Number of protein chains: 2
Amino acid sequence: MPRTTTWVTVPEASDFPITNLPYGICCVKEACRTDGDGGRRRIGVAIGDQILDLSAVAARGLIDEPSQMLRAESLNEFLASGRSEWDRVRTRITELLSENSYRGAVEKMLIAQSDAELCLPFEVADYVDFYASIDHASNVGALFRPDSPALPPNWRHLPIGYHGRAGTVVVSGSEVVRPSGQRKPPEAEAPTYGPSQRLDIEAEVGFVVGTPSVRGTQVGIGDVAEHVFGVVLVNDWSARDIQAWEYVPLGPFLGKSFATTISPWVVPLAALKAARVAGPAQDPQPLPYLRRAEDWGLDLDIEVECNGTVVSRPPFRSMYWTADQQLAHLTVNGASLRTGDLFASGTVSGPDPGQRGSFLELSWSGRDPITLDDGSTRTFLEDGDTVTLRASAPGLDGTRIGFGACTGTVRPAVTD
Amino acid sequence: MPRTTTWVTVPEASDFPITNLPYGICCVKEACRTDGDGGRRRIGVAIGDQILDLSAVAARGLIDEPSQMLRAESLNEFLASGRSEWDRVRTRITELLSENSYRGAVEKMLIAQSDAELCLPFEVADYVDFYASIDHASNVGALFRPDSPALPPNWRHLPIGYHGRAGTVVVSGSEVVRPSGQRKPPEAEAPTYGPSQRLDIEAEVGFVVGTPSVRGTQVGIGDVAEHVFGVVLVNDWSARDIQAWEYVPLGPFLGKSFATTISPWVVPLAALKAARVAGPAQDPQPLPYLRRAEDWGLDLDIEVECNGTVVSRPPFRSMYWTADQQLAHLTVNGASLRTGDLFASGTVSGPDPGQRGSFLELSWSGRDPITLDDGSTRTFLEDGDTVTLRASAPGLDGTRIGFGACTGTVRPAVTD
């Protein structure tokens, strides 16, 4: 039986065909609980508009598990189990959902997505954000540092990155309170305190580390698939006015640390095999530790939606630095990886104006307002605005791999 | 009976009089174990050259504990229990160690420090590093950015900080492998790859968060003692050549992320009451959310020792930005705190050359080598060098509060 069909009814436009099978953490919404157990967090696998309750599958002995990693309340233990376990579990879930003989037993372990609440899928260890789009870096350079070359001198030699705040990585749907802080327009004499007036998003793609590494050793560029489990969408909310005033010389801090939203489903690398493409040519050729051994570009189309209007379609395949290069760079100094580390691509922007992954770029720092379908215009985000990221990638056998929505709504600043 | 005496024999120069009582995580060294339980990690409290085994105290019912937080393998649960629990436990331990009536029962719960192995005392959630010494910032500005004013324009308006790598925070005694990476001297045309040739330390003081806060809310400047449990010494190892090439525009990354060493004992804020002093005057007056309500400067004398030679004595009391200001700033944008968050002061340097907290400053970027007691000289660190930080603060009743050693030895780079 072909493994790209399933006995589950999958709507045609679904993000979750059987070739995807992303993992998340869910519980049954309070109003939909039929037993005392429904509120418990469990690992789920998305299929069509259902979720396979993996804790039930494991509890009924339909899948072998060393320890009880599939019955945990976060993905971390499964993430830590390594590539061969990831492959084994994926193969078995595919069997269960494709072979009709399992239907009777497994069907009752499906939860409707509409009945489920999705939680942060894993405990984030360290969060690193890169800056890997040449178009984004050039745009931001032109806007933030108009008197210098758009690309810093190191940009083409290494994937620039920095650490973000892991404790404020939240799951899609979490509210985002407009941050307050210091900002100083260039013409002002002193900074003032108040809510950010330039609240923005960054549309990004994040990589989730499963297998840890040992401090003092390097992860080679060929080893990305041994360490990275899968991929999420990331909205790295940014307060541009706070960021502009604070970021020299030690980098972004409060301009970013108030919230970073990730999509609830971790799409395994195994689901993205058909999406792998060569990264763009690099000039100059990077140092040997950064030279690509395999194709780790991803043919992933992102959509940025604001209040229902698609405002941008950033193409991930154009990212200058690819995930294998980022991982090799991140560990070249012997920094260790932990299960749950998240490293994100940085804002995904393509060369065209309609492909920019931030309002900073889309509105060219406020000069060119964007018009939404309701006729209103935006330069930066207003209170009440909802931003949703979505993405598509080619899957096996002509299927389409989606990520679910990565969404958040802006709430007014807390006033004191 | 006065609470500043104890029935434990405390050597006169000890870091750990009964007015200190810092917490750590220890196990009995393999060679010293007399029972099967010795290898288990447990919470210990340092007193003289002994460690009070708090798990034994709790197991014998000599201290009340809600849940089994004092029998855990890390301090996090105790840290999360909050100020009133911290005070209650401290009061009780003081009783047990000062009243002779407890001696018979408690004496057998002491472990000699020489028999114990000390582990990372808490699971680090997010690690933030500030840049709060005006002398350090001025020195580094002059060295890294000779063509700009030594202090960035924002420096006197906000405590500049950035996120570091929590996963490579290690306990005193952990080895530090010399990091490799990209570096490019200004005169070179392209970067090269290799072991850092400018490996350095940063002598810092770190604050450990106990009580978490809610995302979207601010922690007021008056609330530091509600959230911060205690203090550790921090050596933020730094590869200056890697850092100089990478840090513009998003801040230090691989130049710092290979290792950060902390002292094994968390000294409670309660032990540092006599050390609290007013922070230095600030000009301009900071914005209201950063205005000090209490004295949170700390009269703490640090010693930096390299291979047995004291090379510097940085005075912590001169730090421009104090911990209360750092905490208020860190959360002003609604970023939440988690139990186990660590925020460090940044390099502690005083105004005199003998008070500089890094080799970058001590050797003035390599121009002025330092002579060690064995006659050898250093600009930056060599393989095999051992750096140890120590510190002293005034304690109650004329006692002296110490932190134990924060030490690490440089191992040669891994060659491939």
# chains A, B, ... in the order shown; residues from 1 in each chain; ligands from 1
call {"tool": "residues_around", "arguments": {"residues": "Pro351 in chain B", "least_positions_apart": "2", "cutoff": "12 Å", "atoms": "only C-alpha atoms", "output": "PyMOL selection string"}}
result
chain B and resi 133-139+312-320+348-349+353-357+361-362
call {"tool": "select_by_dssp", "arguments": {"residues": "range 209-249 of chain B", "states": "strand (DSSP E or B)", "output": "count of residues only"}}
result
11
call {"tool": "residues_around", "arguments": {"residues": "range 117-123 of chain A", "least_positions_apart": "2", "cutoff": "7 Å", "atoms": "only C-alpha atoms", "output": "PyMOL selection string"}}
result
chain A and resi 24-29+74-76+115+125+170-171+264+340
call {"tool": "interface_residues", "arguments": {"of": "chain B", "to": "chain A", "cutoff": "7 Å", "atoms": "only C-alpha atoms", "output": "number ranges by chain"}}
result
B: 126, 154, 161-168, 177, 179-181, 216, 245-246, 249-254, 257-258, 332-336, 338
call {"tool": "write_last_selection", "arguments": {"atoms": "N, CA and C atoms", "output": "tab-separated table (two decimals), in the first residue's frame"}}
result
chain	number	residue	atom	x	y	z
B	126	ASP	N	17.63	31.69	31.41
B	126	ASP	CA	18.27	32.61	30.46
B	126	ASP	C	19.45	33.29	31.14
B	154	ASN	N	24.16	55.73	24.27
B	154	ASN	CA	23.11	55.21	25.14
B	154	ASN	C	23.62	54.78	26.52
B	161	GLY	N	22.76	45.55	27.87
B	161	GLY	CA	22.91	44.13	28.13
B	161	GLY	C	22.60	43.33	26.88
B	162	TYR	N	22.89	42.05	26.94
B	162	TYR	CA	22.57	41.16	25.81
B	162	TYR	C	22.46	39.75	26.37
B	163	HIS	N	21.87	38.87	25.61
B	163	HIS	CA	21.72	37.48	26.04
B	163	HIS	C	22.96	36.67	25.67
B	164	GLY	N	23.40	35.86	26.62
B	164	GLY	CA	24.49	34.92	26.36
B	164	GLY	C	23.95	33.51	26.26
B	165	ARG	N	24.84	32.55	26.15
B	165	ARG	CA	24.44	31.15	25.98
B	165	ARG	C	24.30	30.47	27.34
B	166	ALA	N	23.06	30.15	27.72
B	166	ALA	CA	22.81	29.54	29.02
B	166	ALA	C	23.38	28.13	29.08
B	167	GLY	N	23.40	27.44	27.94
B	167	GLY	CA	23.80	26.03	27.91
B	167	GLY	C	25.28	25.80	28.14
B	168	THR	N	26.08	26.85	28.10
B	168	THR	CA	27.52	26.68	28.34
B	168	THR	C	27.96	27.40	29.61
B	177	VAL	N	38.11	24.66	26.91
B	177	VAL	CA	38.87	24.38	25.70
B	177	VAL	C	39.00	25.67	24.90
B	179	PRO	N	38.73	28.13	22.22
B	179	PRO	CA	37.82	28.09	21.08
B	179	PRO	C	38.55	28.39	19.77
B	180	SER	N	38.04	27.79	18.71
B	180	SER	CA	38.49	28.14	17.37
B	180	SER	C	37.40	28.93	16.68
B	181	GLY	N	37.78	29.58	15.62
B	181	GLY	CA	36.78	30.35	14.88
B	181	GLY	C	37.44	31.29	13.90
B	216	GLY	N	4.63	40.07	29.96
B	216	GLY	CA	3.73	41.19	29.75
B	216	GLY	C	3.65	42.12	30.94
B	245	TRP	N	35.78	40.48	15.30
B	245	TRP	CA	35.40	40.27	13.89
B	245	TRP	C	33.90	40.04	13.74
B	246	GLU	N	33.27	39.45	14.74
B	246	GLU	CA	31.88	39.04	14.57
B	246	GLU	C	30.85	40.03	15.10
B	249	PRO	N	26.92	43.72	13.43
B	249	PRO	CA	26.08	44.63	14.22
B	249	PRO	C	25.27	43.95	15.33
B	250	LEU	N	25.30	42.63	15.50
B	250	LEU	CA	24.33	42.03	16.40
B	250	LEU	C	24.89	41.61	17.76
B	251	GLY	N	26.15	41.99	18.02
B	251	GLY	CA	26.70	41.76	19.35
B	251	GLY	C	27.55	40.51	19.44
B	252	PRO	N	28.15	40.26	20.61
B	252	PRO	CA	29.05	39.12	20.82
B	252	PRO	C	28.27	37.80	20.71
B	253	PHE	N	28.89	36.81	20.12
B	253	PHE	CA	28.22	35.53	19.92
B	253	PHE	C	29.26	34.43	20.22
B	254	LEU	N	29.99	33.98	19.21
B	254	LEU	CA	30.95	32.89	19.43
B	254	LEU	C	32.16	33.33	20.26
B	257	SER	N	30.38	32.41	23.66
B	257	SER	CA	29.43	31.32	23.93
B	257	SER	C	30.07	29.98	24.25
B	258	PHE	N	31.41	29.88	24.22
B	258	PHE	CA	32.04	28.58	24.45
B	258	PHE	C	32.07	28.19	25.93
B	332	VAL	N	11.41	45.79	31.61
B	332	VAL	CA	10.57	46.97	31.31
B	332	VAL	C	9.72	46.75	30.06
B	333	ASN	N	10.19	45.87	29.19
B	333	ASN	CA	9.44	45.58	27.96
B	333	ASN	C	8.46	44.42	28.15
B	334	GLY	N	8.30	43.97	29.38
B	334	GLY	CA	7.37	42.86	29.63
B	334	GLY	C	8.02	41.50	29.52
B	335	ALA	N	9.32	41.44	29.27
B	335	ALA	CA	10.00	40.14	29.26
B	335	ALA	C	9.84	39.50	30.64
B	336	SER	N	9.52	38.22	30.66
B	336	SER	CA	9.30	37.53	31.93
B	336	SER	C	10.60	36.98	32.47
B	338	ARG	N	12.33	33.81	34.64
B	338	ARG	CA	12.12	32.42	35.05
B	338	ARG	C	13.06	32.10	36.20
call {"tool": "residues_around", "arguments": {"residues": "Thr386 in chain A", "least_positions_apart": "6", "cutoff": "6 Å", "atoms": "only C-alpha atoms", "output": "PyMOL selection string"}}
result
chain A and resi 306-307+408-409
call {"tool": "select_by_dssp", "arguments": {"residues": "range 17-137 of chain B", "states": "helix (DSSP H, G or I)", "output": "ChimeraX atom specification"}}
result
/B:30-32,54-59,69-71,76-80,83-98,100-109,113-115,134-137
call {"tool": "residues_around", "arguments": {"residues": "range 394-402 of chain A", "least_positions_apart": "4", "cutoff": "6 Å", "atoms": "only C-alpha atoms", "output": "count of residues only"}}
result
4
call {"tool": "residues_around", "arguments": {"residues": "range 79-90 of chain B", "least_positions_apart": "4", "cutoff": "7 Å", "atoms": "only C-alpha atoms", "output": "PyMOL selection string"}}
result
chain B and resi 75+94+210-211+226+229+339
call {"tool": "write_last_selection", "arguments": {"atoms": "C-alpha atoms", "output": "tab-separated table (two decimals), in the first residue's frame"}}
result
chain	number	residue	atom	x	y	z
B	75	LEU	CA	18.42	24.46	43.66
B	94	THR	CA	21.26	29.17	61.40
B	210	GLY	CA	14.37	32.77	42.15
B	211	THR	CA	10.83	34.08	41.84
B	226	GLU	CA	11.48	39.58	45.84
B	229	PHE	CA	17.79	34.94	45.47
B	339	THR	CA	13.56	30.65	38.04
